[in-house]
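Undergrad: Here it is, the structure in full.
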Amino acid sequence: MENEDFSSLSEKKLKKLIRETHMVLDQLTQELNQRKQDKQHEEINHIEEHFDEASHNLGNLKIFIQKVFAEMTKDK
Amino acid sequence: MLFRLFQWLLVLLLIYLLITAVGMIGSGFKGASKGHATELFAFATNPFMGLIVGVIATAMIQSSSTVTSIIVGLVAGGLPVEMAVPMVMGANIGTTITNTIVSLGHINRKKEFRRAFAAATVHDFFNLLAVAIFLPIEILFHPLQKAAGFLATPLVGGENMSVKGLDFIKPLTKPVIAEFKTLAHMISEQGASVILIIFGIFLIFMSIIFVGRLLKKLMVGRAKRIMHGSIGRGPVSGILSGAIVTILVQSSSTTTSLMVPLAGSGVFRLKQIYPFTLGANIGTTITALLAATAISGDHAILALQIALVHFLYNCSAVLLIFGIKKLRRLPLRGAIWLSRLAAEKKIYALVYIVGVFFVLPGLMVFIYQLVE
């Protein structure tokens, strides 16, 4: 697309192309946003699992401290 | 259906226990301090000491609702509101440790950890910024205390000074408090008031834990609907849904922790998580307001005042910090910067947790004493 030569096109044609490109861009953005939102809805549907995950936090702390010490000894 | 009804009855019973427990603390503290609550809490005349008490107590038990309810009980027992305000602010900071610890669960996957840690610490940075702005102003001019007092006065009236329209609370809680008082006297005649406070703290702690667990099961469907509804609707909707979900599950730690894995997976962006956590700050204030309904008598107005301070503080912080673009960006920038550092070297995350929740409050007390 970037190597295409537009010099032969009339201004009218160019304007039409720009309009169409804008429309396609809007549609693509809309599609991308829709996909993102679908993923978010999907994630919310599994919220019970996240509730469980959120309640096991002290185990996280223990694992994290072990990792920190492992990283520190590795660096030495 | 019958089981669900039983669960709802259990929720009501637990809320009743929470309210009764706050009354117990108030009554016990009044008895223990014998009108000398100010002397008993002399150490908290230093507002930074009050702040550190709030931070550490909440960080230890991981429930700001429990701590603020206890504070309401203490104010009802004679603790001056002025001393209690920094404690409430501290509880706001202390509660953020829970979602930070939850984010540590993503430690094995670097990118995921970076996102999860940023989602957790954006709440920390916001609450730290709120204290940095509001605490000095409150120490100097007491605007929150005054505004809460102004709002509490018309709500509390009548001869017995109980909350208008909620006069039925005292007759409901009084018999149980009396039973616990008798029990405390049976255990120790001299230490009965202290034992009553311990009973109260234990009951608040247990009722908040169990009510939270029950509401999580009962309200998960409604919480889902609210969250589905807020997707793609901007930050105000995020704040509102964060507040409502927190009211439904009666725990800001739960809602803010819930956001961490959602951010970690990359499905939700930090900018979307941020308003939701601010809503959680507002939603959590309902517990202290509920707790304040337990108090009648001379200190009813003060108990409601401190609960309203909690509410006004969180609302004002959201309005001010989130309302001003430059201020709004600070917690985001702080969280992104710190999460990048922590993802590279995990020791930074540890230094941050120990520093913010334990060392920094201590340092502030030390500096304040030096200045004094």
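Residues in the structure tokens are named by chain (A, B, ... in the order shown) and by number from 1 within that chain; ligands are numbered from 1 in the order shown.
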Would you list the contacts of B:Ala307 as an MDAnalysis selection string, taking every protein, DNA or RNA residue within 9 Å and counting only C-alpha atoms, but skipping same-chain residues closer than 5 positions in sequence?
TA: chainID B and resid 68:69 71:72 88 148 285:292 302 312
Undergrad: For those residues, write N, CA and C atoms to a file as a PDB file, in the first residue's frame.
TA:
ATOM      1  N   THR B  68     -12.288   0.057  61.236  1.00  0.00           N
ATOM      2  CA  THR B  68     -13.118   1.272  61.345  1.00  0.00           C
ATOM      3  C   THR B  68     -14.308   1.032  62.278  1.00  0.00           C
ATOM      4  N   SER B  69     -14.844  -0.176  62.280  1.00  0.00           N
ATOM      5  CA  SER B  69     -15.946  -0.479  63.216  1.00  0.00           C
ATOM      6  C   SER B  69     -15.448  -0.410  64.657  1.00  0.00           C
ATOM      7  N   ILE B  71     -12.968   1.421  65.677  1.00  0.00           N
ATOM      8  CA  ILE B  71     -12.751   2.853  65.946  1.00  0.00           C
ATOM      9  C   ILE B  71     -14.078   3.529  66.312  1.00  0.00           C
ATOM     10  N   VAL B  72     -15.147   3.179  65.588  1.00  0.00           N
ATOM     11  CA  VAL B  72     -16.470   3.742  65.905  1.00  0.00           C
ATOM     12  C   VAL B  72     -16.841   3.382  67.345  1.00  0.00           C
ATOM     13  N   VAL B  88      -8.543   6.343  61.025  1.00  0.00           N
ATOM     14  CA  VAL B  88      -9.411   5.967  59.900  1.00  0.00           C
ATOM     15  C   VAL B  88      -8.642   6.103  58.581  1.00  0.00           C
ATOM     16  N   ALA B 148     -18.392  16.455  58.954  1.00  0.00           N
ATOM     17  CA  ALA B 148     -19.072  15.254  59.464  1.00  0.00           C
ATOM     18  C   ALA B 148     -19.932  15.598  60.681  1.00  0.00           C
ATOM     19  N   THR B 285     -17.014   2.282  53.236  1.00  0.00           N
ATOM     20  CA  THR B 285     -17.384   3.160  54.353  1.00  0.00           C
ATOM     21  C   THR B 285     -18.767   2.834  54.918  1.00  0.00           C
ATOM     22  N   ILE B 286     -19.524   2.037  54.185  1.00  0.00           N
ATOM     23  CA  ILE B 286     -20.880   1.696  54.630  1.00  0.00           C
ATOM     24  C   ILE B 286     -20.838   0.887  55.935  1.00  0.00           C
ATOM     25  N   THR B 287     -19.774   0.106  56.121  1.00  0.00           N
ATOM     26  CA  THR B 287     -19.704  -0.742  57.327  1.00  0.00           C
ATOM     27  C   THR B 287     -19.622   0.108  58.585  1.00  0.00           C
ATOM     28  N   ALA B 288     -18.764   1.138  58.556  1.00  0.00           N
ATOM     29  CA  ALA B 288     -18.641   2.000  59.738  1.00  0.00           C
ATOM     30  C   ALA B 288     -19.938   2.761  59.993  1.00  0.00           C
ATOM     31  N   LEU B 289     -20.617   3.157  58.908  1.00  0.00           N
ATOM     32  CA  LEU B 289     -21.906   3.854  59.065  1.00  0.00           C
ATOM     33  C   LEU B 289     -22.933   2.920  59.712  1.00  0.00           C
ATOM     34  N   LEU B 290     -22.891   1.671  59.275  1.00  0.00           N
ATOM     35  CA  LEU B 290     -23.776   0.654  59.855  1.00  0.00           C
ATOM     36  C   LEU B 290     -23.436   0.455  61.332  1.00  0.00           C
ATOM     37  N   ALA B 291     -22.140   0.386  61.598  1.00  0.00           N
ATOM     38  CA  ALA B 291     -21.678   0.189  62.982  1.00  0.00           C
ATOM     39  C   ALA B 291     -22.127   1.349  63.873  1.00  0.00           C
ATOM     40  N   ALA B 292     -22.144   2.563  63.301  1.00  0.00           N
ATOM     41  CA  ALA B 292     -22.510   3.746  64.096  1.00  0.00           C
ATOM     42  C   ALA B 292     -23.967   3.713  64.548  1.00  0.00           C
ATOM     43  N   LEU B 302     -21.022  11.422  68.061  1.00  0.00           N
ATOM     44  CA  LEU B 302     -19.583  11.318  67.776  1.00  0.00           C
ATOM     45  C   LEU B 302     -19.275  10.054  66.973  1.00  0.00           C
ATOM     46  N   LEU B 312     -16.801  10.831  54.056  1.00  0.00           N
ATOM     47  CA  LEU B 312     -16.477  12.112  53.400  1.00  0.00           C
ATOM     48  C   LEU B 312     -15.039  12.133  52.890  1.00  0.00           C
TER      49      LEU B 312
END
Undergrad: Kindly provide, as a PyMOL selection string, the residues of chain A having any atom no farther than 9 Å from an atom of chain B, counting only C-alpha atoms.
TA: chain A and resi 33+36-37+39-41+43-45+47-48+50-51+53-61+63-65+67-69+71-72
Undergrad: Rank B:Ala119, B:Leu17, B:Lys146, B:Val156 by their smallest atom-to-atom distance to B:Ala300, using only C-alpha atoms, and report the top residue only.
TA: B:Val156
Undergrad: Name the residues in contact with B:Ser207 at a cut-off of 9 Å, using only C-alpha atoms, excluding same-chain residues fewer than 4 positions from it; report them as a PDB file with N, CA and C atoms, in the first residue's frame.
TA:
ATOM      1  N   VAL B  11     -26.858 -13.859  57.398  1.00  0.00           N
ATOM      2  CA  VAL B  11     -26.280 -12.533  57.114  1.00  0.00           C
ATOM      3  C   VAL B  11     -26.870 -11.504  58.084  1.00  0.00           C
ATOM      4  N   LEU B  13     -28.217 -12.045  60.966  1.00  0.00           N
ATOM      5  CA  LEU B  13     -27.731 -12.345  62.321  1.00  0.00           C
ATOM      6  C   LEU B  13     -26.313 -11.795  62.512  1.00  0.00           C
ATOM      7  N   LEU B  14     -25.480 -11.977  61.486  1.00  0.00           N
ATOM      8  CA  LEU B  14     -24.092 -11.519  61.587  1.00  0.00           C
ATOM      9  C   LEU B  14     -24.016  -9.985  61.633  1.00  0.00           C
ATOM     10  N   ILE B  15     -24.878  -9.328  60.859  1.00  0.00           N
ATOM     11  CA  ILE B  15     -24.908  -7.850  60.904  1.00  0.00           C
ATOM     12  C   ILE B  15     -25.370  -7.399  62.291  1.00  0.00           C
ATOM     13  N   TYR B  16     -26.343  -8.106  62.831  1.00  0.00           N
ATOM     14  CA  TYR B  16     -26.818  -7.810  64.183  1.00  0.00           C
ATOM     15  C   TYR B  16     -25.660  -7.980  65.190  1.00  0.00           C
ATOM     16  N   LEU B  17     -24.894  -9.068  65.004  1.00  0.00           N
ATOM     17  CA  LEU B  17     -23.747  -9.298  65.899  1.00  0.00           C
ATOM     18  C   LEU B  17     -22.709  -8.200  65.778  1.00  0.00           C
ATOM     19  N   LEU B  18     -22.477  -7.754  64.526  1.00  0.00           N
ATOM     20  CA  LEU B  18     -21.515  -6.670  64.276  1.00  0.00           C
ATOM     21  C   LEU B  18     -21.942  -5.407  65.027  1.00  0.00           C
ATOM     22  N   PHE B 202     -13.473  -9.468  68.985  1.00  0.00           N
ATOM     23  CA  PHE B 202     -13.565 -10.827  68.443  1.00  0.00           C
ATOM     24  C   PHE B 202     -14.845 -10.993  67.617  1.00  0.00           C
ATOM     25  N   LEU B 203     -15.949 -10.499  68.171  1.00  0.00           N
ATOM     26  CA  LEU B 203     -17.237 -10.618  67.466  1.00  0.00           C
ATOM     27  C   LEU B 203     -17.257  -9.833  66.158  1.00  0.00           C
ATOM     28  N   VAL B 211     -19.693 -12.740  57.327  1.00  0.00           N
ATOM     29  CA  VAL B 211     -20.660 -12.032  56.482  1.00  0.00           C
ATOM     30  C   VAL B 211     -20.058 -11.831  55.082  1.00  0.00           C
ATOM     31  N   GLY B 212     -18.764 -11.583  55.034  1.00  0.00           N
ATOM     32  CA  GLY B 212     -18.065 -11.420  53.751  1.00  0.00           C
ATOM     33  C   GLY B 212     -18.131 -12.701  52.934  1.00  0.00           C
TER      34      GLY B 212
END
Undergrad: Rounded to one decimal place, report the atom CA of B:Phe126-atom CA of B:Val365 distance in Å.
TA: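 Going from atom CA of B:Phe126 over to atom CA of B:Val365, I get 21.1 Å.
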Undergrad: Mind pulling up the distance from atom CA of B:Thr96 to atom CA of B:Arg340?
TA: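 Answer for the atom CA of B:Arg340 to atom CA of B:Thr96 separation: 19.1 Å.
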Undergrad: Please list as a PyMOL selection string every residue within 10 Å of B:Ile56, counting only C-alpha atoms and excluding residues in the same chain fewer than 6 positions away.
TA: chain B and resi 62+87+90-91+93-95+357-358+361
Undergrad: Store the residues picked out above, limited to C-alpha atoms, as a PDB file, in the first residue's frame.
TA:
ATOM      1  CA  GLN B  62      -6.416  -7.300  56.615  1.00  0.00           C
ATOM      2  CA  MET B  87      -6.619   6.156  62.481  1.00  0.00           C
ATOM      3  CA  GLY B  90      -4.469   4.803  58.270  1.00  0.00           C
ATOM      4  CA  ALA B  91      -7.033   2.022  57.884  1.00  0.00           C
ATOM      5  CA  ILE B  93      -3.732   2.615  53.627  1.00  0.00           C
ATOM      6  CA  GLY B  94      -3.512  -0.599  55.640  1.00  0.00           C
ATOM      7  CA  THR B  95      -6.266  -2.289  53.674  1.00  0.00           C
ATOM      8  CA  PHE B 357       3.182  -0.374  55.517  1.00  0.00           C
ATOM      9  CA  PHE B 358       5.621  -0.489  58.418  1.00  0.00           C
ATOM     10  CA  PRO B 361       4.582   5.319  59.221  1.00  0.00           C
TER      11      PRO B 361
END
Undergrad: Please list as a list in words every residue within 12 Å of B:Leu327, counting only C-alpha atoms and excluding residues in the same chain fewer than 5 positions away.
TA: Phe125, Phe126, Leu129, Ala130, Ile133, Ala317, Val318, Leu319, Leu320, Ile321, Phe322, Leu332, Arg333 and Gly334 of chain B
Undergrad: Quote the spacing between atom CA of B:Thr277 and atom CA of B:Met89 in Å to one decimal place.
TA: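 Pair atom CA of B:Thr277 / atom CA of B:Met89 returns 16.1 Å.
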Undergrad: Please identify the alpha helix (DSSP H) residues within stretch 179-308 of chain B (assignment by DSSP from backbone atoms) and present them as a count of residues only.
TA: 107
